[in-house]
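Here is model.txt, consisting of compact mmCIF, N, CA, C and O atoms:
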```txt
# COMPACT_ATOMS: atom_id res chain seq x y z
N MET M 4 -1.51 3.33 7.30
CA MET M 4 -0.48 4.22 6.82
C MET M 4 -0.89 4.69 5.43
O MET M 4 -1.71 4.05 4.78
N THR M 5 -0.31 5.79 5.01
CA THR M 5 -0.64 6.28 3.67
C THR M 5 -0.05 5.35 2.62
O THR M 5 0.92 4.62 2.88
N ALA M 6 -0.62 5.39 1.44
CA ALA M 6 -0.14 4.54 0.35
C ALA M 6 1.32 4.86 0.01
O ALA M 6 2.12 3.95 -0.22
N LYS M 7 1.67 6.13 0.01
CA LYS M 7 3.04 6.53 -0.31
C LYS M 7 4.01 6.00 0.75
O LYS M 7 5.06 5.43 0.41
N ASP M 8 3.65 6.15 2.02
CA ASP M 8 4.49 5.66 3.11
C ASP M 8 4.65 4.14 3.02
O ASP M 8 5.74 3.61 3.15
N ALA M 9 3.55 3.45 2.76
CA ALA M 9 3.60 1.99 2.65
C ALA M 9 4.50 1.56 1.50
O ALA M 9 5.32 0.65 1.65
N ALA M 10 4.36 2.21 0.36
CA ALA M 10 5.18 1.85 -0.80
C ALA M 10 6.66 2.02 -0.49
O ALA M 10 7.48 1.15 -0.82
N LEU M 11 7.01 3.11 0.17
CA LEU M 11 8.41 3.33 0.52
C LEU M 11 8.91 2.29 1.52
O LEU M 11 10.04 1.81 1.41
N ARG M 12 8.07 1.91 2.47
CA ARG M 12 8.47 0.90 3.47
C ARG M 12 8.68 -0.47 2.84
O ARG M 12 9.47 -1.26 3.34
N TRP M 13 7.95 -0.74 1.76
CA TRP M 13 8.08 -2.04 1.10
C TRP M 13 9.02 -1.97 -0.09
O TRP M 13 9.14 -2.91 -0.85
N GLY M 14 9.72 -0.84 -0.26
CA GLY M 14 10.70 -0.71 -1.33
C GLY M 14 10.10 -0.62 -2.71
O GLY M 14 10.71 -1.05 -3.69
N LYS M 15 8.91 -0.06 -2.81
CA LYS M 15 8.21 0.06 -4.09
C LYS M 15 8.17 1.52 -4.53
O LYS M 15 8.46 2.42 -3.75
N ALA M 16 7.74 1.75 -5.77
CA ALA M 16 7.57 3.11 -6.27
C ALA M 16 6.45 3.79 -5.48
O ALA M 16 5.54 3.13 -4.98
N GLN M 17 6.52 5.12 -5.38
CA GLN M 17 5.57 5.87 -4.57
C GLN M 17 4.11 5.64 -4.97
O GLN M 17 3.23 5.69 -4.13
N ASP M 18 3.85 5.37 -6.24
CA ASP M 18 2.47 5.19 -6.69
C ASP M 18 2.08 3.71 -6.80
O ASP M 18 1.06 3.37 -7.39
N TYR M 19 2.85 2.83 -6.21
CA TYR M 19 2.61 1.38 -6.30
C TYR M 19 1.21 0.99 -5.84
O TYR M 19 0.49 0.29 -6.55
N VAL M 20 0.80 1.44 -4.66
CA VAL M 20 -0.50 1.05 -4.11
C VAL M 20 -1.62 1.55 -5.02
O VAL M 20 -2.56 0.83 -5.33
N ARG M 21 -1.51 2.78 -5.48
CA ARG M 21 -2.53 3.36 -6.36
C ARG M 21 -2.63 2.55 -7.65
O ARG M 21 -3.73 2.26 -8.13
N GLN M 22 -1.51 2.13 -8.22
CA GLN M 22 -1.52 1.35 -9.46
C GLN M 22 -2.16 -0.01 -9.26
O GLN M 22 -2.97 -0.45 -10.07
N VAL M 23 -1.80 -0.69 -8.17
CA VAL M 23 -2.38 -2.01 -7.89
C VAL M 23 -3.88 -1.87 -7.63
O VAL M 23 -4.68 -2.66 -8.14
N LEU M 24 -4.26 -0.88 -6.86
CA LEU M 24 -5.66 -0.67 -6.55
C LEU M 24 -6.46 -0.38 -7.81
O LEU M 24 -7.58 -0.88 -7.97
N ARG M 25 -5.90 0.36 -8.72
CA ARG M 25 -6.59 0.69 -9.97
C ARG M 25 -6.69 -0.53 -10.90
O ARG M 25 -7.72 -0.79 -11.49
N SER M 26 -5.62 -1.30 -11.00
CA SER M 26 -5.59 -2.42 -11.95
C SER M 26 -6.21 -3.70 -11.42
O SER M 26 -6.77 -4.48 -12.20
N ASN M 27 -6.10 -3.95 -10.10
CA ASN M 27 -6.60 -5.20 -9.55
C ASN M 27 -6.94 -5.03 -8.07
O ASN M 27 -6.23 -5.55 -7.20
N PRO M 28 -8.03 -4.34 -7.74
CA PRO M 28 -8.37 -4.07 -6.34
C PRO M 28 -8.65 -5.32 -5.52
O PRO M 28 -8.49 -5.30 -4.30
N ALA M 29 -9.00 -6.43 -6.17
CA ALA M 29 -9.29 -7.67 -5.44
C ALA M 29 -8.05 -8.26 -4.78
O ALA M 29 -8.18 -9.14 -3.91
N ARG M 30 -6.86 -7.81 -5.14
CA ARG M 30 -5.63 -8.31 -4.50
C ARG M 30 -5.55 -7.90 -3.04
O ARG M 30 -4.91 -8.58 -2.25
N PHE M 31 -6.21 -6.78 -2.68
CA PHE M 31 -6.22 -6.35 -1.29
C PHE M 31 -7.35 -7.06 -0.55
O PHE M 31 -8.50 -7.00 -0.99
N PRO M 32 -7.06 -7.73 0.57
CA PRO M 32 -8.14 -8.35 1.35
C PRO M 32 -9.13 -7.29 1.83
O PRO M 32 -8.77 -6.12 2.02
N ASP M 33 -10.38 -7.70 2.03
CA ASP M 33 -11.41 -6.78 2.51
C ASP M 33 -10.95 -6.05 3.76
O ASP M 33 -10.40 -6.67 4.68
N GLY M 34 -11.15 -4.75 3.77
CA GLY M 34 -10.84 -3.94 4.95
C GLY M 34 -9.40 -3.53 5.09
O GLY M 34 -9.04 -2.90 6.08
N THR M 35 -8.53 -3.85 4.13
CA THR M 35 -7.12 -3.51 4.28
C THR M 35 -6.72 -2.26 3.52
O THR M 35 -5.59 -1.80 3.65
N VAL M 36 -7.64 -1.72 2.74
CA VAL M 36 -7.35 -0.48 2.01
C VAL M 36 -8.61 0.37 1.99
O VAL M 36 -9.72 -0.14 1.85
N ARG M 37 -8.43 1.68 2.22
CA ARG M 37 -9.55 2.63 2.21
C ARG M 37 -9.14 3.85 1.40
O ARG M 37 -7.99 4.27 1.46
N VAL M 38 -10.12 4.39 0.69
CA VAL M 38 -9.88 5.58 -0.11
C VAL M 38 -10.75 6.71 0.45
O VAL M 38 -11.96 6.56 0.57
N PHE M 39 -10.12 7.80 0.82
CA PHE M 39 -10.79 8.99 1.32
C PHE M 39 -10.46 10.12 0.36
O PHE M 39 -9.34 10.65 0.40
N SER M 40 -11.38 10.45 -0.50
CA SER M 40 -11.17 11.48 -1.51
C SER M 40 -9.98 11.06 -2.37
O SER M 40 -10.09 10.10 -3.12
N ARG M 41 -8.85 11.72 -2.24
CA ARG M 41 -7.65 11.34 -3.01
C ARG M 41 -6.62 10.62 -2.16
O ARG M 41 -5.58 10.20 -2.66
N GLN M 42 -6.88 10.48 -0.88
CA GLN M 42 -5.93 9.85 0.05
C GLN M 42 -6.23 8.35 0.16
O GLN M 42 -7.38 7.97 0.38
N ILE M 43 -5.22 7.52 0.02
CA ILE M 43 -5.37 6.07 0.16
C ILE M 43 -4.65 5.64 1.43
O ILE M 43 -3.48 5.98 1.63
N LEU M 44 -5.34 4.86 2.26
CA LEU M 44 -4.74 4.30 3.46
C LEU M 44 -4.74 2.78 3.31
O LEU M 44 -5.71 2.19 2.84
N VAL M 45 -3.65 2.16 3.72
CA VAL M 45 -3.51 0.71 3.58
C VAL M 45 -2.91 0.14 4.86
O VAL M 45 -2.10 0.78 5.52
N THR M 46 -3.32 -1.07 5.21
CA THR M 46 -2.82 -1.72 6.42
C THR M 46 -1.57 -2.54 6.08
O THR M 46 -1.30 -2.85 4.92
N ARG M 47 -0.84 -2.91 7.11
CA ARG M 47 0.32 -3.78 6.96
C ARG M 47 -0.10 -5.11 6.32
O ARG M 47 0.56 -5.62 5.42
N GLU M 48 -1.22 -5.65 6.78
CA GLU M 48 -1.73 -6.91 6.22
C GLU M 48 -1.98 -6.78 4.72
O GLU M 48 -1.64 -7.68 3.94
N GLY M 49 -2.55 -5.67 4.31
CA GLY M 49 -2.81 -5.45 2.89
C GLY M 49 -1.53 -5.43 2.08
O GLY M 49 -1.44 -6.05 1.02
N MET M 50 -0.53 -4.72 2.57
CA MET M 50 0.74 -4.65 1.86
C MET M 50 1.43 -6.01 1.81
O MET M 50 1.99 -6.38 0.79
N GLU M 51 1.41 -6.74 2.91
CA GLU M 51 2.05 -8.05 2.94
C GLU M 51 1.37 -9.01 1.98
O GLU M 51 2.02 -9.81 1.31
N THR M 52 0.05 -8.93 1.88
CA THR M 52 -0.69 -9.80 0.96
C THR M 52 -0.36 -9.47 -0.49
O THR M 52 -0.09 -10.35 -1.30
N VAL M 53 -0.38 -8.18 -0.82
CA VAL M 53 -0.15 -7.75 -2.20
C VAL M 53 1.28 -8.00 -2.64
O VAL M 53 1.53 -8.45 -3.75
N THR M 54 2.24 -7.71 -1.78
CA THR M 54 3.65 -7.85 -2.18
C THR M 54 4.20 -9.25 -1.94
O THR M 54 5.20 -9.62 -2.55
N GLY M 55 3.60 -9.99 -1.04
CA GLY M 55 4.07 -11.33 -0.75
C GLY M 55 5.20 -11.39 0.27
O GLY M 55 5.79 -12.43 0.50
N HIS M 56 5.53 -10.23 0.87
CA HIS M 56 6.58 -10.21 1.89
C HIS M 56 6.34 -9.06 2.86
O HIS M 56 5.53 -8.19 2.62
N GLY M 57 7.09 -9.09 3.95
CA GLY M 57 6.98 -8.05 4.95
C GLY M 57 7.72 -6.80 4.56
O GLY M 57 8.33 -6.71 3.51
N GLU M 58 7.66 -5.84 5.45
CA GLU M 58 8.32 -4.56 5.25
C GLU M 58 9.83 -4.78 5.08
O GLU M 58 10.45 -5.51 5.85
N ILE M 59 10.42 -4.13 4.07
CA ILE M 59 11.85 -4.34 3.83
C ILE M 59 12.68 -3.08 4.02
O ILE M 59 13.84 -3.16 4.35
N ALA M 60 12.11 -1.93 3.77
CA ALA M 60 12.87 -0.68 3.87
C ALA M 60 12.70 -0.09 5.25
O ALA M 60 11.63 -0.11 5.82
N GLN M 61 13.77 0.42 5.77
CA GLN M 61 13.73 1.08 7.08
C GLN M 61 13.12 2.46 6.89
O GLN M 61 13.63 3.28 6.16
N HIS M 62 11.98 2.70 7.53
CA HIS M 62 11.29 3.99 7.40
C HIS M 62 11.87 4.99 8.38
O HIS M 62 12.11 4.68 9.53
N LYS M 63 12.09 6.21 7.91
CA LYS M 63 12.66 7.24 8.77
C LYS M 63 11.68 8.37 8.96
O LYS M 63 10.99 8.75 8.12
```
Output the structure of this file as structure tokens.
Amino acid sequence: MTAKDAALRWGKAQDYVRQVLRSNPARFPDGTVRVFSRQILVTREGMETVTGHGEIAQHK
């Protein structure tokens, strides 16, 4: 999922994934986040590891 979508699903600010990736990329397990030009994609596993919990916001 996109970083923005993931952040909203986990109840975080829209730029949460970008900020964590910039400040401490090692928090994401290998293979759970990919950067394509300016687009960041992150897996559910990556978000759960970084935030310490599962998805909390209902995505529409």
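Residues surrounding Ala6 of chain M within 6 Å are M:Ala16, M:Gln17, M:Val20, M:Ile43, M:Leu44, M:Val45 [all atoms listed in the file; sequence separation below 6 positions excluded].
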Practice item. List every residue of chain M that DSSP, applied to the backbone of this structure, assigns to strand (DSSP E or B), and report them as number ranges by chain. Key: M: 5, 36-39, 42-45
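Note that the spacing between atom CA of Met4 of chain M and atom N of Thr46 of chain M amounts to 6.2 Å.
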DSSP alpha helix (DSSP H) selection over chain M, as a PDB file with N, CA, C and O atoms, in the frame of the given file:
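Result file is states.pdb:
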```pdb
ATOM      1  N   ALA M   6      -0.620   5.390   1.440  1.00  0.00           N
ATOM      2  CA  ALA M   6      -0.140   4.540   0.350  1.00  0.00           C
ATOM      3  C   ALA M   6       1.320   4.860   0.010  1.00  0.00           C
ATOM      4  O   ALA M   6       2.120   3.950  -0.220  1.00  0.00           O
ATOM      5  N   LYS M   7       1.670   6.130   0.010  1.00  0.00           N
ATOM      6  CA  LYS M   7       3.040   6.530  -0.310  1.00  0.00           C
ATOM      7  C   LYS M   7       4.010   6.000   0.750  1.00  0.00           C
ATOM      8  O   LYS M   7       5.060   5.430   0.410  1.00  0.00           O
ATOM      9  N   ASP M   8       3.650   6.150   2.020  1.00  0.00           N
ATOM     10  CA  ASP M   8       4.490   5.660   3.110  1.00  0.00           C
ATOM     11  C   ASP M   8       4.650   4.140   3.020  1.00  0.00           C
ATOM     12  O   ASP M   8       5.740   3.610   3.150  1.00  0.00           O
ATOM     13  N   ALA M   9       3.550   3.450   2.760  1.00  0.00           N
ATOM     14  CA  ALA M   9       3.600   1.990   2.650  1.00  0.00           C
ATOM     15  C   ALA M   9       4.500   1.560   1.500  1.00  0.00           C
ATOM     16  O   ALA M   9       5.320   0.650   1.650  1.00  0.00           O
ATOM     17  N   ALA M  10       4.360   2.210   0.360  1.00  0.00           N
ATOM     18  CA  ALA M  10       5.180   1.850  -0.800  1.00  0.00           C
ATOM     19  C   ALA M  10       6.660   2.020  -0.490  1.00  0.00           C
ATOM     20  O   ALA M  10       7.480   1.150  -0.820  1.00  0.00           O
ATOM     21  N   LEU M  11       7.010   3.110   0.170  1.00  0.00           N
ATOM     22  CA  LEU M  11       8.410   3.330   0.520  1.00  0.00           C
ATOM     23  C   LEU M  11       8.910   2.290   1.520  1.00  0.00           C
ATOM     24  O   LEU M  11      10.040   1.810   1.410  1.00  0.00           O
ATOM     25  N   ARG M  12       8.070   1.910   2.470  1.00  0.00           N
ATOM     26  CA  ARG M  12       8.470   0.900   3.470  1.00  0.00           C
ATOM     27  C   ARG M  12       8.680  -0.470   2.840  1.00  0.00           C
ATOM     28  O   ARG M  12       9.470  -1.260   3.340  1.00  0.00           O
ATOM     29  N   TYR M  19       2.850   2.830  -6.210  1.00  0.00           N
ATOM     30  CA  TYR M  19       2.610   1.380  -6.300  1.00  0.00           C
ATOM     31  C   TYR M  19       1.210   0.990  -5.840  1.00  0.00           C
ATOM     32  O   TYR M  19       0.490   0.290  -6.550  1.00  0.00           O
ATOM     33  N   VAL M  20       0.800   1.440  -4.660  1.00  0.00           N
ATOM     34  CA  VAL M  20      -0.500   1.050  -4.110  1.00  0.00           C
ATOM     35  C   VAL M  20      -1.620   1.550  -5.020  1.00  0.00           C
ATOM     36  O   VAL M  20      -2.560   0.830  -5.330  1.00  0.00           O
ATOM     37  N   ARG M  21      -1.510   2.780  -5.480  1.00  0.00           N
ATOM     38  CA  ARG M  21      -2.530   3.360  -6.360  1.00  0.00           C
ATOM     39  C   ARG M  21      -2.630   2.550  -7.650  1.00  0.00           C
ATOM     40  O   ARG M  21      -3.730   2.260  -8.130  1.00  0.00           O
ATOM     41  N   GLN M  22      -1.510   2.130  -8.220  1.00  0.00           N
ATOM     42  CA  GLN M  22      -1.520   1.350  -9.460  1.00  0.00           C
ATOM     43  C   GLN M  22      -2.160  -0.010  -9.260  1.00  0.00           C
ATOM     44  O   GLN M  22      -2.970  -0.450 -10.070  1.00  0.00           O
ATOM     45  N   VAL M  23      -1.800  -0.690  -8.170  1.00  0.00           N
ATOM     46  CA  VAL M  23      -2.380  -2.010  -7.890  1.00  0.00           C
ATOM     47  C   VAL M  23      -3.880  -1.870  -7.630  1.00  0.00           C
ATOM     48  O   VAL M  23      -4.680  -2.660  -8.140  1.00  0.00           O
ATOM     49  N   LEU M  24      -4.260  -0.880  -6.860  1.00  0.00           N
ATOM     50  CA  LEU M  24      -5.660  -0.670  -6.550  1.00  0.00           C
ATOM     51  C   LEU M  24      -6.460  -0.380  -7.810  1.00  0.00           C
ATOM     52  O   LEU M  24      -7.580  -0.880  -7.970  1.00  0.00           O
ATOM     53  N   ARG M  25      -5.900   0.360  -8.720  1.00  0.00           N
ATOM     54  CA  ARG M  25      -6.590   0.690  -9.970  1.00  0.00           C
ATOM     55  C   ARG M  25      -6.690  -0.530 -10.900  1.00  0.00           C
ATOM     56  O   ARG M  25      -7.720  -0.790 -11.490  1.00  0.00           O
ATOM     57  N   SER M  26      -5.620  -1.300 -11.000  1.00  0.00           N
ATOM     58  CA  SER M  26      -5.590  -2.420 -11.950  1.00  0.00           C
ATOM     59  C   SER M  26      -6.210  -3.700 -11.420  1.00  0.00           C
ATOM     60  O   SER M  26      -6.770  -4.480 -12.200  1.00  0.00           O
ATOM     61  N   ARG M  47      -0.840  -2.910   7.110  1.00  0.00           N
ATOM     62  CA  ARG M  47       0.320  -3.780   6.960  1.00  0.00           C
ATOM     63  C   ARG M  47      -0.100  -5.110   6.320  1.00  0.00           C
ATOM     64  O   ARG M  47       0.560  -5.620   5.420  1.00  0.00           O
ATOM     65  N   GLU M  48      -1.220  -5.650   6.780  1.00  0.00           N
ATOM     66  CA  GLU M  48      -1.730  -6.910   6.220  1.00  0.00           C
ATOM     67  C   GLU M  48      -1.980  -6.780   4.720  1.00  0.00           C
ATOM     68  O   GLU M  48      -1.640  -7.680   3.940  1.00  0.00           O
ATOM     69  N   GLY M  49      -2.550  -5.670   4.310  1.00  0.00           N
ATOM     70  CA  GLY M  49      -2.810  -5.450   2.890  1.00  0.00           C
ATOM     71  C   GLY M  49      -1.530  -5.430   2.080  1.00  0.00           C
ATOM     72  O   GLY M  49      -1.440  -6.050   1.020  1.00  0.00           O
ATOM     73  N   MET M  50      -0.530  -4.720   2.570  1.00  0.00           N
ATOM     74  CA  MET M  50       0.740  -4.650   1.860  1.00  0.00           C
ATOM     75  C   MET M  50       1.430  -6.010   1.810  1.00  0.00           C
ATOM     76  O   MET M  50       1.990  -6.380   0.790  1.00  0.00           O
ATOM     77  N   GLU M  51       1.410  -6.740   2.910  1.00  0.00           N
ATOM     78  CA  GLU M  51       2.050  -8.050   2.940  1.00  0.00           C
ATOM     79  C   GLU M  51       1.370  -9.010   1.980  1.00  0.00           C
ATOM     80  O   GLU M  51       2.020  -9.810   1.310  1.00  0.00           O
ATOM     81  N   THR M  52       0.050  -8.930   1.880  1.00  0.00           N
ATOM     82  CA  THR M  52      -0.690  -9.800   0.960  1.00  0.00           C
ATOM     83  C   THR M  52      -0.360  -9.470  -0.490  1.00  0.00           C
ATOM     84  O   THR M  52      -0.090 -10.350  -1.300  1.00  0.00           O
ATOM     85  N   VAL M  53      -0.380  -8.180  -0.820  1.00  0.00           N
ATOM     86  CA  VAL M  53      -0.150  -7.750  -2.200  1.00  0.00           C
ATOM     87  C   VAL M  53       1.280  -8.000  -2.640  1.00  0.00           C
ATOM     88  O   VAL M  53       1.530  -8.450  -3.750  1.00  0.00           O
ATOM     89  N   THR M  54       2.240  -7.710  -1.780  1.00  0.00           N
ATOM     90  CA  THR M  54       3.650  -7.850  -2.180  1.00  0.00           C
ATOM     91  C   THR M  54       4.200  -9.250  -1.940  1.00  0.00           C
ATOM     92  O   THR M  54       5.200  -9.620  -2.550  1.00  0.00           O
TER      93      THR M  54
END
```
Residues near Gly49 of chain M, anyone? I mean within 12 Å using only C-alpha atoms, not counting same-chain ones fewer than 6 positions away, as a PDB file with N, CA, C and O atoms, in the coordinates of the input.
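around-v3.pdb, written as the output of this step:
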```
ATOM      1  N   MET M   4      -1.510   3.330   7.300  1.00  0.00           N
ATOM      2  CA  MET M   4      -0.480   4.220   6.820  1.00  0.00           C
ATOM      3  C   MET M   4      -0.890   4.690   5.430  1.00  0.00           C
ATOM      4  O   MET M   4      -1.710   4.050   4.780  1.00  0.00           O
ATOM      5  N   THR M   5      -0.310   5.790   5.010  1.00  0.00           N
ATOM      6  CA  THR M   5      -0.640   6.280   3.670  1.00  0.00           C
ATOM      7  C   THR M   5      -0.050   5.350   2.620  1.00  0.00           C
ATOM      8  O   THR M   5       0.920   4.620   2.880  1.00  0.00           O
ATOM      9  N   ALA M   6      -0.620   5.390   1.440  1.00  0.00           N
ATOM     10  CA  ALA M   6      -0.140   4.540   0.350  1.00  0.00           C
ATOM     11  C   ALA M   6       1.320   4.860   0.010  1.00  0.00           C
ATOM     12  O   ALA M   6       2.120   3.950  -0.220  1.00  0.00           O
ATOM     13  N   ALA M   9       3.550   3.450   2.760  1.00  0.00           N
ATOM     14  CA  ALA M   9       3.600   1.990   2.650  1.00  0.00           C
ATOM     15  C   ALA M   9       4.500   1.560   1.500  1.00  0.00           C
ATOM     16  O   ALA M   9       5.320   0.650   1.650  1.00  0.00           O
ATOM     17  N   ALA M  10       4.360   2.210   0.360  1.00  0.00           N
ATOM     18  CA  ALA M  10       5.180   1.850  -0.800  1.00  0.00           C
ATOM     19  C   ALA M  10       6.660   2.020  -0.490  1.00  0.00           C
ATOM     20  O   ALA M  10       7.480   1.150  -0.820  1.00  0.00           O
ATOM     21  N   TRP M  13       7.950  -0.740   1.760  1.00  0.00           N
ATOM     22  CA  TRP M  13       8.080  -2.040   1.100  1.00  0.00           C
ATOM     23  C   TRP M  13       9.020  -1.970  -0.090  1.00  0.00           C
ATOM     24  O   TRP M  13       9.140  -2.910  -0.850  1.00  0.00           O
ATOM     25  N   VAL M  20       0.800   1.440  -4.660  1.00  0.00           N
ATOM     26  CA  VAL M  20      -0.500   1.050  -4.110  1.00  0.00           C
ATOM     27  C   VAL M  20      -1.620   1.550  -5.020  1.00  0.00           C
ATOM     28  O   VAL M  20      -2.560   0.830  -5.330  1.00  0.00           O
ATOM     29  N   VAL M  23      -1.800  -0.690  -8.170  1.00  0.00           N
ATOM     30  CA  VAL M  23      -2.380  -2.010  -7.890  1.00  0.00           C
ATOM     31  C   VAL M  23      -3.880  -1.870  -7.630  1.00  0.00           C
ATOM     32  O   VAL M  23      -4.680  -2.660  -8.140  1.00  0.00           O
ATOM     33  N   LEU M  24      -4.260  -0.880  -6.860  1.00  0.00           N
ATOM     34  CA  LEU M  24      -5.660  -0.670  -6.550  1.00  0.00           C
ATOM     35  C   LEU M  24      -6.460  -0.380  -7.810  1.00  0.00           C
ATOM     36  O   LEU M  24      -7.580  -0.880  -7.970  1.00  0.00           O
ATOM     37  N   PRO M  28      -8.030  -4.340  -7.740  1.00  0.00           N
ATOM     38  CA  PRO M  28      -8.370  -4.070  -6.340  1.00  0.00           C
ATOM     39  C   PRO M  28      -8.650  -5.320  -5.520  1.00  0.00           C
ATOM     40  O   PRO M  28      -8.490  -5.300  -4.300  1.00  0.00           O
ATOM     41  N   ALA M  29      -9.000  -6.430  -6.170  1.00  0.00           N
ATOM     42  CA  ALA M  29      -9.290  -7.670  -5.440  1.00  0.00           C
ATOM     43  C   ALA M  29      -8.050  -8.260  -4.780  1.00  0.00           C
ATOM     44  O   ALA M  29      -8.180  -9.140  -3.910  1.00  0.00           O
ATOM     45  N   ARG M  30      -6.860  -7.810  -5.140  1.00  0.00           N
ATOM     46  CA  ARG M  30      -5.630  -8.310  -4.500  1.00  0.00           C
ATOM     47  C   ARG M  30      -5.550  -7.900  -3.040  1.00  0.00           C
ATOM     48  O   ARG M  30      -4.910  -8.580  -2.250  1.00  0.00           O
ATOM     49  N   PHE M  31      -6.210  -6.780  -2.680  1.00  0.00           N
ATOM     50  CA  PHE M  31      -6.220  -6.350  -1.290  1.00  0.00           C
ATOM     51  C   PHE M  31      -7.350  -7.060  -0.550  1.00  0.00           C
ATOM     52  O   PHE M  31      -8.500  -7.000  -0.990  1.00  0.00           O
ATOM     53  N   PRO M  32      -7.060  -7.730   0.570  1.00  0.00           N
ATOM     54  CA  PRO M  32      -8.140  -8.350   1.350  1.00  0.00           C
ATOM     55  C   PRO M  32      -9.130  -7.290   1.830  1.00  0.00           C
ATOM     56  O   PRO M  32      -8.770  -6.120   2.020  1.00  0.00           O
ATOM     57  N   ASP M  33     -10.380  -7.700   2.030  1.00  0.00           N
ATOM     58  CA  ASP M  33     -11.410  -6.780   2.510  1.00  0.00           C
ATOM     59  C   ASP M  33     -10.950  -6.050   3.760  1.00  0.00           C
ATOM     60  O   ASP M  33     -10.400  -6.670   4.680  1.00  0.00           O
ATOM     61  N   GLY M  34     -11.150  -4.750   3.770  1.00  0.00           N
ATOM     62  CA  GLY M  34     -10.840  -3.940   4.950  1.00  0.00           C
ATOM     63  C   GLY M  34      -9.400  -3.530   5.090  1.00  0.00           C
ATOM     64  O   GLY M  34      -9.040  -2.900   6.080  1.00  0.00           O
ATOM     65  N   THR M  35      -8.530  -3.850   4.130  1.00  0.00           N
ATOM     66  CA  THR M  35      -7.120  -3.510   4.280  1.00  0.00           C
ATOM     67  C   THR M  35      -6.720  -2.260   3.520  1.00  0.00           C
ATOM     68  O   THR M  35      -5.590  -1.800   3.650  1.00  0.00           O
ATOM     69  N   VAL M  36      -7.640  -1.720   2.740  1.00  0.00           N
ATOM     70  CA  VAL M  36      -7.350  -0.480   2.010  1.00  0.00           C
ATOM     71  C   VAL M  36      -8.610   0.370   1.990  1.00  0.00           C
ATOM     72  O   VAL M  36      -9.720  -0.140   1.850  1.00  0.00           O
ATOM     73  N   ARG M  37      -8.430   1.680   2.220  1.00  0.00           N
ATOM     74  CA  ARG M  37      -9.550   2.630   2.210  1.00  0.00           C
ATOM     75  C   ARG M  37      -9.140   3.850   1.400  1.00  0.00           C
ATOM     76  O   ARG M  37      -7.990   4.270   1.460  1.00  0.00           O
ATOM     77  N   GLY M  55       3.600  -9.990  -1.040  1.00  0.00           N
ATOM     78  CA  GLY M  55       4.070 -11.330  -0.750  1.00  0.00           C
ATOM     79  C   GLY M  55       5.200 -11.390   0.270  1.00  0.00           C
ATOM     80  O   GLY M  55       5.790 -12.430   0.500  1.00  0.00           O
ATOM     81  N   HIS M  56       5.530 -10.230   0.870  1.00  0.00           N
ATOM     82  CA  HIS M  56       6.580 -10.210   1.890  1.00  0.00           C
ATOM     83  C   HIS M  56       6.340  -9.060   2.860  1.00  0.00           C
ATOM     84  O   HIS M  56       5.530  -8.190   2.620  1.00  0.00           O
ATOM     85  N   GLY M  57       7.090  -9.090   3.950  1.00  0.00           N
ATOM     86  CA  GLY M  57       6.980  -8.050   4.950  1.00  0.00           C
ATOM     87  C   GLY M  57       7.720  -6.800   4.560  1.00  0.00           C
ATOM     88  O   GLY M  57       8.330  -6.710   3.510  1.00  0.00           O
ATOM     89  N   GLU M  58       7.660  -5.840   5.450  1.00  0.00           N
ATOM     90  CA  GLU M  58       8.320  -4.560   5.250  1.00  0.00           C
ATOM     91  C   GLU M  58       9.830  -4.780   5.080  1.00  0.00           C
ATOM     92  O   GLU M  58      10.450  -5.510   5.850  1.00  0.00           O
TER      93      GLU M  58
END
```
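Rounded to one decimal, atom CA of Lys15 of chain M and atom CA of Thr52 of chain M lie 14.2 Å from each other.
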**Study point:** Pairwise distance for atom CA of Glu48 of chain M and atom CA of Ser26 of chain M, rounded to one decimal in Å
**Key:** 19.1 Å
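Closest approach to Gln42 of chain M among M:Leu11, M:Ile59, M:Arg21, M:Thr54 is made by M:Arg21 (distances from only C-alpha atoms).
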